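Trainee: Right, I'll just put the structure down here and ask away after.
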Amino acid sequence: MQPLKGITVVTLEHAIAAPFATRQLADLGARVIKIERPGSGDFARGYDERVRGLASHFVWTNRSKESLTLDVKHPDAARILERLVMEKADVVVQNLAPGAATRLGLGYETLSSRKPGLIVCDISGYGDDPQHPGPYRDKKAYDLLIQSEAGFVSVTGTPDEPCKAGPSIADIAAGMYAYSNILAALLQRGQTGKGQRIDISMLESLAEWTSYPLYYAFEGAAPPPRTGASHATIYPYGPFPAGDGTTVMLGLQNEREWVSFCEKVLQQPWLATDPRFTANFKRVAERTALRQIIVDAFKPLTGTQVVERLELAQIANAQVNTMKDVWAHPQLEARGRWTEVGTAAGPVPAMLPPGTWDTGPRMDPVPALGEHTDTILAELGYSAAEIAGLHTSKAV
C-alpha cells in the first residue's frame, strides 16, 4: 500500500512552493484536492506552453491531484470549502498572501477548535507568525527575490556578475520543508491524535540551504568568492577545457586524490610535492597558476581522453549535460526512472520521484482546470440540480 493512502489534503495553492510539496504527498498516495479559481486556476497554468500547450511548471508540480474550482469569496463556494475541510481533510496547505487564509476562515486557530486533529501548513515568503510577524511579513516574495534576500545570489555567479539559480530553488526549498514537516506532523498525530500548524518561510528555507557560505563568513569574515561553475573553497574542482573544445567537470576532495591526479591525470608526479599545492587551501590561493598547468596538460587531449585518465585515477568527473542530454541520460534509462503521466494534451514522460518503495509511487494524470469539480460536489451530497445552480451562479 502507498504510505499516505487514506490521507486527504485540501490545498489552496499556486506557483511552485505549495504545489511541489503537495505533489510529493500525492506521489506517496495522498488524495490531494487542489482548489483553483474558476476560469483561470493556478496562475502557473499560464507560465508557458512548452509541454504540448501546457505549462512546464504546472505539469511538473501537479500530477495525481484533483482540481476543484471555487470562487472562495462567493458565499456558496465558501460553504463548500468549509465542508470539504471539516468532512474530508487531514491536511490543509496554502500559500496565499499572508493573512488571506485566516480571512477565509482557514486559519489554524479557527479550524483546530472544530477539528483538533487537522494539520495546517502555511507557506509564505517571510513567515506568518502572528506573535512575531517581523517587518517583512507582508512583503511580496517571488523566487528570485528570496534568492537575493537569502544571500544566495551574492555567492552564485562569476566575479563580474551575481546570478540566480536556474531552477526555482527558493520555492523548491520551501516545498521540501513543507513536505517533510507535514510527514512529521502526521507521525506525531498518530501518537497524540492532535494536529498542528506548520509555518514555512521561503527565506528561512533557503537561508538554511545557504548555511555553508554563512559559516564561511562567520564573525565578519569575507564570504566565499563567486567562481562560476568552480568551487569557491576547494581546488581543483570545476570545469576545465580539453584540447578538442569540450569541457570536463572534475573535482578533488582530499590529498590522496591530489597525488593520484598529479601522477595519473596530469602525468606530472612532482607537482604533488610542489610546496605551492601541498594542501587544499594552498591550491585555492594559487588557483590561477594551477589552472594554467591543468589547461596546458589537457590541451593535447580530447575530452574523452581526459575522462579516461580521470577514471583510471578514480577522480570524480562528469559531463556538462544539456536538458536534451538529461532526457536521454543512460543512467536514468538503465534504472528505469522514466514513466508517463496523462494530461489534457495526452501522455507525457515523467521522472519517477527519488526513492523507492514496494508498491511504487502514484503517477496519475495532471488535472485539467476544474476536472473534478462535479465529482467532488456529488461526493459532498450535492444533487445534479444543485451543482448546475452552483455553475450558473459562478460559485464554482
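Each chain in the C-alpha cells gets a letter, A, B and so on, in the order shown; residues start at 1 in every chain, and ligands are counted from 1 in the order they appear.
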Residues at most 12 Å from segment 348-355 of chain A, counting only C-alpha atoms, excluding those fewer than 6 positions away in the same chain, as a PDB file with C-alpha atoms, in the first residue's frame?

Mentor:
```
ATOM      1  CA  PHE A  20       5.639  20.930  -5.162  1.00  0.00           C
ATOM      2  CA  ARG A  23       2.606  16.759  -5.359  1.00  0.00           C
ATOM      3  CA  GLN A  24       5.080  14.795  -3.291  1.00  0.00           C
ATOM      4  CA  LEU A  25       2.308  13.930  -0.842  1.00  0.00           C
ATOM      5  CA  ALA A  26       0.281  12.736  -3.830  1.00  0.00           C
ATOM      6  CA  ASP A  27       3.268  10.677  -5.007  1.00  0.00           C
ATOM      7  CA  LEU A  28       3.016   8.814  -1.691  1.00  0.00           C
ATOM      8  CA  ARG A  50       6.116  24.192 -23.643  1.00  0.00           C
ATOM      9  CA  VAL A  51       4.518  20.806 -22.874  1.00  0.00           C
ATOM     10  CA  ARG A  52       2.175  20.311 -25.824  1.00  0.00           C
ATOM     11  CA  GLY A  53       0.388  23.532 -24.996  1.00  0.00           C
ATOM     12  CA  LEU A  54       0.576  23.093 -21.221  1.00  0.00           C
ATOM     13  CA  SER A  56       6.105  23.235 -17.857  1.00  0.00           C
ATOM     14  CA  VAL A  59       2.924  19.709 -15.430  1.00  0.00           C
ATOM     15  CA  TRP A  60       5.919  19.168 -13.140  1.00  0.00           C
ATOM     16  CA  THR A  61       4.185  20.010  -9.845  1.00  0.00           C
ATOM     17  CA  ASN A  62       0.540  18.954 -10.243  1.00  0.00           C
ATOM     18  CA  ARG A  63       0.215  15.324 -11.287  1.00  0.00           C
ATOM     19  CA  SER A  64      -2.014  12.984  -9.291  1.00  0.00           C
ATOM     20  CA  VAL A 326      19.340  14.548 -19.411  1.00  0.00           C
ATOM     21  CA  TRP A 327      16.213  13.311 -21.223  1.00  0.00           C
ATOM     22  CA  ALA A 328      18.426  10.596 -22.726  1.00  0.00           C
ATOM     23  CA  HIS A 329      20.756  10.039 -19.758  1.00  0.00           C
ATOM     24  CA  LEU A 332      18.279   7.225 -15.729  1.00  0.00           C
ATOM     25  CA  GLU A 333      17.298   4.913 -18.562  1.00  0.00           C
ATOM     26  CA  ARG A 335      17.466   2.385 -13.745  1.00  0.00           C
ATOM     27  CA  GLY A 336      14.028   2.651 -15.338  1.00  0.00           C
ATOM     28  CA  ARG A 337      13.373   6.114 -13.908  1.00  0.00           C
ATOM     29  CA  TRP A 338      11.032   7.286 -16.667  1.00  0.00           C
ATOM     30  CA  THR A 339       7.323   6.636 -16.936  1.00  0.00           C
ATOM     31  CA  GLU A 340       4.351   8.550 -18.362  1.00  0.00           C
ATOM     32  CA  VAL A 341       1.545  10.602 -16.854  1.00  0.00           C
ATOM     33  CA  GLY A 342      -1.648  11.670 -18.521  1.00  0.00           C
ATOM     34  CA  PRO A 361       4.708   5.983  -6.394  1.00  0.00           C
ATOM     35  CA  ARG A 362       1.346   7.249  -7.540  1.00  0.00           C
ATOM     36  CA  MET A 363       1.699   8.720 -11.041  1.00  0.00           C
ATOM     37  CA  ASP A 364      -1.827   9.799 -12.014  1.00  0.00           C
ATOM     38  CA  PRO A 365      -2.712  12.486 -14.583  1.00  0.00           C
ATOM     39  CA  VAL A 366      -2.194  16.233 -14.341  1.00  0.00           C
TER      40      VAL A 366
END
```

Trainee: Using DSSP secondary structure from the backbone, list all strand (DSSP E) positions within segment 141-327 of chain A, as an MDAnalysis selection string.

Mentor: chainID A and resid 197:201 237:241 247:251 316:319

Trainee: Could you give me, as an mmCIF file with N, CA and C atoms, in the first residue's frame, the residues within 12 Å of Asp374 of chain A, counting only C-alpha atoms and dropping anything in the same chain fewer than 4 positions from it?

Mentor:
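Output (result.cif):
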```
data_model
loop_
_atom_site.group_PDB
_atom_site.id
_atom_site.type_symbol
_atom_site.label_atom_id
_atom_site.label_comp_id
_atom_site.auth_asym_id
_atom_site.auth_seq_id
_atom_site.Cartn_x
_atom_site.Cartn_y
_atom_site.Cartn_z
ATOM 1 N N GLU A 66 -6.575 16.347 -7.812
ATOM 2 C CA GLU A 66 -7.918 16.629 -8.299
ATOM 3 C C GLU A 66 -8.121 18.136 -8.286
ATOM 4 N N SER A 67 -8.684 18.676 -9.362
ATOM 5 C CA SER A 67 -8.901 20.114 -9.466
ATOM 6 C C SER A 67 -10.371 20.441 -9.215
ATOM 7 N N LEU A 68 -10.604 21.249 -8.196
ATOM 8 C CA LEU A 68 -11.939 21.721 -7.837
ATOM 9 C C LEU A 68 -11.946 23.236 -7.963
ATOM 10 N N THR A 69 -12.784 23.788 -8.838
ATOM 11 C CA THR A 69 -12.845 25.236 -8.977
ATOM 12 C C THR A 69 -13.860 25.813 -7.996
ATOM 13 N N LEU A 70 -13.433 26.814 -7.229
ATOM 14 C CA LEU A 70 -14.292 27.520 -6.283
ATOM 15 C C LEU A 70 -13.926 28.999 -6.285
ATOM 16 N N ILE A 80 -18.905 25.369 0.641
ATOM 17 C CA ILE A 80 -18.360 24.123 0.085
ATOM 18 C C ILE A 80 -16.959 23.880 0.636
ATOM 19 N N LEU A 369 -8.294 22.088 -15.580
ATOM 20 C CA LEU A 369 -8.906 23.025 -14.654
ATOM 21 C C LEU A 369 -10.355 22.622 -14.360
ATOM 22 N N GLY A 370 -10.641 22.395 -13.090
ATOM 23 C CA GLY A 370 -11.996 22.060 -12.673
ATOM 24 C C GLY A 370 -12.464 20.671 -13.045
ATOM 25 N N ALA A 378 -20.638 16.116 -5.813
ATOM 26 C CA ALA A 378 -21.561 14.991 -5.640
ATOM 27 C C ALA A 378 -21.169 14.162 -4.424
ATOM 28 N N GLU A 379 -19.864 14.024 -4.199
ATOM 29 C CA GLU A 379 -19.373 13.284 -3.028
ATOM 30 C C GLU A 379 -19.795 13.957 -1.732
ATOM 31 N N LEU A 380 -19.914 15.293 -1.749
ATOM 32 C CA LEU A 380 -20.364 16.037 -0.579
ATOM 33 C C LEU A 380 -21.888 16.032 -0.430
ATOM 34 N N GLY A 381 -22.567 15.406 -1.390
ATOM 35 C CA GLY A 381 -24.017 15.273 -1.276
ATOM 36 C C GLY A 381 -24.829 16.246 -2.092
ATOM 37 N N TYR A 382 -24.174 17.056 -2.948
ATOM 38 C CA TYR A 382 -24.925 17.981 -3.787
ATOM 39 C C TYR A 382 -25.604 17.227 -4.926
ATOM 40 N N SER A 383 -26.838 17.595 -5.209
ATOM 41 C CA SER A 383 -27.578 16.960 -6.303
ATOM 42 C C SER A 383 -27.142 17.558 -7.634
ATOM 43 N N ALA A 384 -27.534 16.898 -8.727
ATOM 44 C CA ALA A 384 -27.195 17.401 -10.062
ATOM 45 C C ALA A 384 -27.760 18.802 -10.271
ATOM 46 N N ALA A 385 -28.981 19.026 -9.782
ATOM 47 C CA ALA A 385 -29.586 20.349 -9.938
ATOM 48 C C ALA A 385 -28.837 21.392 -9.120
ATOM 49 N N GLU A 386 -28.434 21.029 -7.919
ATOM 50 C CA GLU A 386 -27.675 21.975 -7.095
ATOM 51 C C GLU A 386 -26.323 22.276 -7.712
ATOM 52 N N ILE A 387 -25.686 21.273 -8.280
ATOM 53 C CA ILE A 387 -24.382 21.500 -8.944
ATOM 54 C C ILE A 387 -24.564 22.423 -10.133
ATOM 55 N N ALA A 388 -25.614 22.202 -10.911
ATOM 56 C CA ALA A 388 -25.883 23.070 -12.056
ATOM 57 C C ALA A 388 -26.100 24.512 -11.587
ATOM 58 N N GLY A 389 -26.807 24.670 -10.472
ATOM 59 C CA GLY A 389 -27.038 26.011 -9.945
ATOM 60 C C GLY A 389 -25.755 26.675 -9.494
ATOM 61 N N LEU A 390 -24.849 25.929 -8.916
ATOM 62 C CA LEU A 390 -23.560 26.480 -8.499
ATOM 63 C C LEU A 390 -22.744 26.962 -9.696
ATOM 64 N N HIS A 391 -22.829 26.215 -10.786
ATOM 65 C CA HIS A 391 -22.163 26.657 -12.022
ATOM 66 C C HIS A 391 -22.800 27.938 -12.538
ATOM 67 N N VAL A 396 -18.682 28.014 -8.630
ATOM 68 C CA VAL A 396 -17.672 27.015 -8.987
ATOM 69 C C VAL A 396 -17.279 27.166 -10.449
#
```

Trainee: What lies within 8 Å of segment 198-204 of chain A using only C-alpha atoms, ignoring chain neighbours under 4 positions off, as a CSV table (one decimal) with all heavy atoms, in the first residue's frame?

Mentor:
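And here is the file that came out, selection26.csv:
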```csv
chain,number,residue,atom,x,y,z
A,119,ILE,N,-4.0,19.2,10.4
A,119,ILE,CA,-2.7,19.8,10.2
A,119,ILE,C,-2.9,20.9,9.2
A,119,ILE,O,-3.4,20.7,8.1
A,119,ILE,CB,-1.7,18.7,9.7
A,119,ILE,CG1,-1.5,17.6,10.8
A,119,ILE,CG2,-0.4,19.3,9.3
A,119,ILE,CD1,-0.9,16.4,10.3
A,120,VAL,N,-2.4,22.1,9.5
A,120,VAL,CA,-2.4,23.2,8.6
A,120,VAL,C,-1.0,23.7,8.3
A,120,VAL,O,-0.3,24.0,9.3
A,120,VAL,CB,-3.3,24.4,9.2
A,120,VAL,CG1,-3.2,25.6,8.3
A,120,VAL,CG2,-4.7,23.9,9.5
A,121,CYS,N,-0.7,23.7,7.1
A,121,CYS,CA,0.7,24.2,6.6
A,121,CYS,C,0.5,25.5,5.8
A,121,CYS,O,-0.1,25.5,4.8
A,121,CYS,CB,1.4,23.1,5.8
A,121,CYS,SG,3.0,23.6,5.3
A,122,ASP,N,1.1,26.5,6.4
A,122,ASP,CA,1.1,27.8,5.7
A,122,ASP,C,2.5,28.1,5.2
A,122,ASP,O,3.4,28.1,5.9
A,122,ASP,CB,0.7,28.9,6.7
A,122,ASP,CG,-0.7,28.7,7.3
A,122,ASP,OD1,-1.6,28.3,6.6
A,122,ASP,OD2,-0.9,29.0,8.5
A,123,ILE,N,2.5,28.4,3.9
A,123,ILE,CA,3.8,28.7,3.2
A,123,ILE,C,3.8,30.2,2.8
A,123,ILE,O,2.8,30.6,2.1
A,123,ILE,CB,4.0,27.8,2.0
A,123,ILE,CG1,3.9,26.3,2.5
A,123,ILE,CG2,5.4,28.1,1.4
A,123,ILE,CD1,4.0,25.3,1.3
A,124,SER,N,4.8,30.9,3.1
A,124,SER,CA,4.9,32.3,2.7
A,124,SER,C,6.3,32.7,2.5
A,124,SER,O,7.3,31.9,2.8
A,124,SER,CB,4.3,33.2,3.8
A,124,SER,OG,5.0,33.1,5.0
A,125,GLY,N,6.5,33.9,1.9
A,125,GLY,CA,7.9,34.3,1.7
A,125,GLY,C,8.7,34.5,2.9
A,125,GLY,O,9.9,34.1,3.0
A,126,TYR,N,8.2,35.2,3.9
A,126,TYR,CA,9.0,35.6,5.0
A,126,TYR,C,8.4,35.1,6.4
A,126,TYR,O,9.0,35.4,7.4
A,126,TYR,CB,9.0,37.1,5.1
A,126,TYR,CG,9.8,37.7,3.9
A,126,TYR,CD1,9.1,38.2,2.8
A,126,TYR,CD2,11.1,37.7,3.9
A,126,TYR,CE1,9.7,38.7,1.7
A,126,TYR,CE2,11.8,38.2,2.8
A,126,TYR,CZ,11.1,38.7,1.7
A,126,TYR,OH,11.8,39.2,0.6
A,127,GLY,N,7.4,34.2,6.3
A,127,GLY,CA,6.9,33.6,7.6
A,127,GLY,C,5.7,34.4,8.0
A,127,GLY,O,5.6,35.6,7.8
A,128,ASP,N,4.7,33.7,8.7
A,128,ASP,CA,3.5,34.4,9.1
A,128,ASP,C,3.1,34.0,10.5
A,128,ASP,O,2.2,33.2,10.7
A,128,ASP,CB,2.4,34.0,8.1
A,128,ASP,CG,1.1,34.7,8.3
A,128,ASP,OD1,1.1,35.7,9.1
A,128,ASP,OD2,0.0,34.3,7.8
A,129,ASP,N,3.9,34.5,11.4
A,129,ASP,CA,3.7,34.2,12.8
A,129,ASP,C,3.0,35.4,13.4
A,129,ASP,O,3.6,36.5,13.5
A,129,ASP,CB,5.0,33.9,13.5
A,129,ASP,CG,4.9,33.6,15.0
A,129,ASP,OD1,3.8,33.8,15.5
A,129,ASP,OD2,5.9,33.2,15.6
A,146,ILE,N,13.7,36.1,-3.1
A,146,ILE,CA,14.1,35.3,-2.0
A,146,ILE,C,15.5,34.8,-2.1
A,146,ILE,O,16.4,34.9,-1.2
A,146,ILE,CB,13.2,34.1,-1.7
A,146,ILE,CG1,11.8,34.7,-1.3
A,146,ILE,CG2,13.7,33.3,-0.5
A,146,ILE,CD1,11.7,35.5,-0.1
A,147,GLN,N,15.9,34.4,-3.4
A,147,GLN,CA,17.3,34.1,-3.6
A,147,GLN,C,18.2,35.2,-3.3
A,147,GLN,O,19.3,35.1,-2.8
A,147,GLN,CB,17.5,33.7,-5.1
A,147,GLN,CG,16.9,32.3,-5.5
A,147,GLN,CD,17.4,31.8,-6.8
A,147,GLN,OE1,18.6,32.0,-7.1
A,147,GLN,NE2,16.6,31.2,-7.6
A,149,GLU,N,17.4,37.9,-1.1
A,149,GLU,CA,17.3,38.2,0.3
A,149,GLU,C,18.1,37.2,1.2
A,149,GLU,O,18.7,37.6,2.2
A,149,GLU,CB,15.9,38.3,0.8
A,149,GLU,CG,15.1,39.5,0.3
A,149,GLU,CD,15.4,40.7,1.1
A,149,GLU,OE1,16.2,40.7,2.1
A,149,GLU,OE2,14.9,41.8,0.7
A,150,ALA,N,18.1,35.9,0.7
A,150,ALA,CA,18.8,34.9,1.5
A,150,ALA,C,20.3,34.9,1.3
A,150,ALA,O,21.0,34.1,1.9
A,150,ALA,CB,18.2,33.5,1.1
A,170,ALA,N,14.4,28.6,-4.3
A,170,ALA,CA,13.8,29.1,-3.0
A,170,ALA,C,12.4,28.4,-2.9
A,170,ALA,O,12.0,28.0,-1.8
A,170,ALA,CB,13.6,30.6,-3.0
A,171,ASP,N,11.6,28.3,-4.0
A,171,ASP,CA,10.4,27.6,-3.9
A,171,ASP,C,10.5,26.2,-3.6
A,171,ASP,O,9.8,25.6,-2.8
A,171,ASP,CB,9.7,27.8,-5.3
A,171,ASP,CG,9.0,29.1,-5.5
A,171,ASP,OD1,8.4,29.6,-4.6
A,171,ASP,OD2,9.2,29.7,-6.6
A,173,ALA,N,13.0,24.7,-2.1
A,173,ALA,CA,13.5,24.5,-0.7
A,173,ALA,C,12.3,24.6,0.3
A,173,ALA,O,12.1,23.8,1.2
A,173,ALA,CB,14.5,25.6,-0.3
A,174,ALA,N,11.4,25.6,0.1
A,174,ALA,CA,10.2,25.8,0.9
A,174,ALA,C,9.3,24.6,0.7
A,174,ALA,O,8.7,24.0,1.7
A,174,ALA,CB,9.5,27.1,0.6
A,177,TYR,N,10.7,21.6,2.7
A,177,TYR,CA,10.5,21.7,4.1
A,177,TYR,C,9.0,21.5,4.5
A,177,TYR,O,8.6,20.9,5.6
A,177,TYR,CB,11.0,23.0,4.7
A,177,TYR,CG,12.5,22.9,4.8
A,177,TYR,CD1,13.4,23.7,4.0
A,177,TYR,CD2,13.1,22.0,5.7
A,177,TYR,CE1,14.8,23.6,4.2
A,177,TYR,CE2,14.5,21.9,5.9
A,177,TYR,CZ,15.3,22.7,5.1
A,177,TYR,OH,16.7,22.6,5.2
A,178,ALA,N,8.1,22.0,3.7
A,178,ALA,CA,6.6,21.8,3.9
A,178,ALA,C,6.3,20.3,3.9
A,178,ALA,O,5.6,19.8,4.8
A,178,ALA,CB,5.8,22.6,2.9
A,181,ASN,N,7.9,18.5,6.9
A,181,ASN,CA,7.2,18.8,8.1
A,181,ASN,C,5.8,18.2,8.2
A,181,ASN,O,5.3,17.8,9.3
A,181,ASN,CB,7.1,20.4,8.3
A,181,ASN,CG,8.4,20.9,8.9
A,181,ASN,OD1,8.4,21.1,10.1
A,181,ASN,ND2,9.4,21.2,8.1
A,182,ILE,N,5.1,18.2,7.1
A,182,ILE,CA,3.8,17.5,7.1
A,182,ILE,C,3.9,16.1,7.4
A,182,ILE,O,3.1,15.5,8.2
A,182,ILE,CB,3.1,17.8,5.7
A,182,ILE,CG1,2.7,19.3,5.6
A,182,ILE,CG2,1.9,16.9,5.6
A,182,ILE,CD1,2.3,19.6,4.2
A,208,GLU,N,18.7,28.4,5.2
A,208,GLU,CA,19.3,27.1,5.7
A,208,GLU,C,20.1,26.4,4.7
A,208,GLU,O,21.2,25.9,5.0
A,208,GLU,CB,18.1,26.2,6.2
A,208,GLU,CG,18.5,24.7,6.4
A,208,GLU,CD,19.5,24.5,7.6
A,208,GLU,OE1,19.6,25.4,8.4
A,208,GLU,OE2,20.1,23.4,7.6
```

Trainee: Taking only C-alpha atoms into account, name the residue in A:Thr192, A:Ser168, A:Thr288, A:Thr210 that is nearest to Thr227 of chain A.

Mentor: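 Going through A:Thr192, A:Ser168, A:Thr288, A:Thr210 one by one, the smallest distance to Thr227 of chain A is for A:Thr288.
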
Trainee: Could you check how far atom CA of Ala44 of chain A sits from atom CA of Val32 of chain A, in Å to one decimal?

Mentor: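 Rounded to one decimal, the two atoms are 17.4 Å apart.
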
Trainee: Determine which residues of segment 268-396 of chain A DSSP labels as helix (DSSP H, G or I) from the backbone of this structure, then write them out as a VMD selection string.

Mentor: chain A and resid 269 to 273 280 to 285 287 to 298 303 to 312 323 to 327 330 to 334 373 to 379 384 to 392

Trainee: Smallest atom-to-atom distance to Pro133 of chain A: which of A:Ala285, A:Gly157, A:Tyr216, A:Gly99, using only C-alpha atoms?

Mentor: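 Under the stated criterion, the closest residue is A:Gly99.
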
Trainee: Using only C-alpha atoms, which of the listed residues (A:Asp48, A:Glu286, A:Glu82, A:Asp296) sits closest to Leu266 of chain A?

Mentor: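 Smallest separation from Leu266 of chain A among the options: A:Asp296.
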
Trainee: Taking only C-alpha atoms into account, which of A:Glu219, A:Glu311, A:Asp143, A:Glu87 comes nearest Lys164 of chain A?

Mentor: A:Asp143

Trainee: Can you tell me which residues surround Val248 of chain A at a distance of at most 7 Å, considering only C-alpha atoms, apart from same-chain residues fewer than 2 positions away, and format the answer as a list in words?

Mentor: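 Neighbouring residues, sequence-local ones excluded: Pro239, Phe240, Pro241, Ala242, Thr246, Leu250, Gly303, Ala318 and Gln319 of chain A.
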
Trainee: Deliver the residues from the most recent selection as a file, using N, CA, C and O atoms, as a PDB file, in the first residue's frame.

Mentor:
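Just written: selection_38.pdb:
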```
ATOM      1  N   PRO A 239      34.960  23.169 -13.998  1.00  0.00           N
ATOM      2  CA  PRO A 239      35.105  22.874 -15.423  1.00  0.00           C
ATOM      3  C   PRO A 239      36.502  23.197 -15.947  1.00  0.00           C
ATOM      4  O   PRO A 239      37.100  24.215 -15.577  1.00  0.00           O
ATOM      5  N   PHE A 240      36.998  22.314 -16.816  1.00  0.00           N
ATOM      6  CA  PHE A 240      38.287  22.535 -17.469  1.00  0.00           C
ATOM      7  C   PHE A 240      38.165  22.165 -18.943  1.00  0.00           C
ATOM      8  O   PHE A 240      37.560  21.137 -19.271  1.00  0.00           O
ATOM      9  N   PRO A 241      38.757  22.968 -19.837  1.00  0.00           N
ATOM     10  CA  PRO A 241      38.651  22.674 -21.270  1.00  0.00           C
ATOM     11  C   PRO A 241      39.642  21.610 -21.702  1.00  0.00           C
ATOM     12  O   PRO A 241      40.794  21.579 -21.243  1.00  0.00           O
ATOM     13  N   ALA A 242      39.181  20.731 -22.579  1.00  0.00           N
ATOM     14  CA  ALA A 242      40.085  19.780 -23.238  1.00  0.00           C
ATOM     15  C   ALA A 242      40.512  20.370 -24.578  1.00  0.00           C
ATOM     16  O   ALA A 242      39.983  21.392 -25.026  1.00  0.00           O
ATOM     17  N   THR A 246      35.823  20.548 -25.877  1.00  0.00           N
ATOM     18  CA  THR A 246      34.827  20.085 -24.920  1.00  0.00           C
ATOM     19  C   THR A 246      35.235  20.499 -23.506  1.00  0.00           C
ATOM     20  O   THR A 246      36.393  20.846 -23.251  1.00  0.00           O
ATOM     21  N   LEU A 250      35.412  18.192 -13.131  1.00  0.00           N
ATOM     22  CA  LEU A 250      36.101  17.269 -12.230  1.00  0.00           C
ATOM     23  C   LEU A 250      36.197  17.878 -10.845  1.00  0.00           C
ATOM     24  O   LEU A 250      36.018  19.087 -10.666  1.00  0.00           O
ATOM     25  N   GLY A 303      38.305  15.460 -24.882  1.00  0.00           N
ATOM     26  CA  GLY A 303      37.542  15.312 -23.651  1.00  0.00           C
ATOM     27  C   GLY A 303      37.436  13.865 -23.220  1.00  0.00           C
ATOM     28  O   GLY A 303      37.521  13.545 -22.030  1.00  0.00           O
ATOM     29  N   ALA A 318      32.363  14.488 -14.476  1.00  0.00           N
ATOM     30  CA  ALA A 318      31.010  14.486 -15.034  1.00  0.00           C
ATOM     31  C   ALA A 318      31.008  15.226 -16.357  1.00  0.00           C
ATOM     32  O   ALA A 318      31.868  16.071 -16.635  1.00  0.00           O
ATOM     33  N   GLN A 319      30.001  14.906 -17.173  1.00  0.00           N
ATOM     34  CA  GLN A 319      29.759  15.663 -18.387  1.00  0.00           C
ATOM     35  C   GLN A 319      28.902  16.883 -18.052  1.00  0.00           C
ATOM     36  O   GLN A 319      28.083  16.840 -17.133  1.00  0.00           O
TER      37      GLN A 319
END
```

Trainee: Skipping near chain neighbours, those fewer than 5 positions away, what residues fall within 10 Å of Trp357 of chain A using only C-alpha atoms, listed as a PyMOL selection string?

Mentor: chain A and resi 1-3+28

Trainee: Quick check, in Å to one decimal: how far apart do atom CA of Thr356 of chain A and atom CA of Val93 of chain A lie?

Mentor: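 About the pair atom CA of Thr356 of chain A and atom CA of Val93 of chain A: they are 25.0 Å apart.
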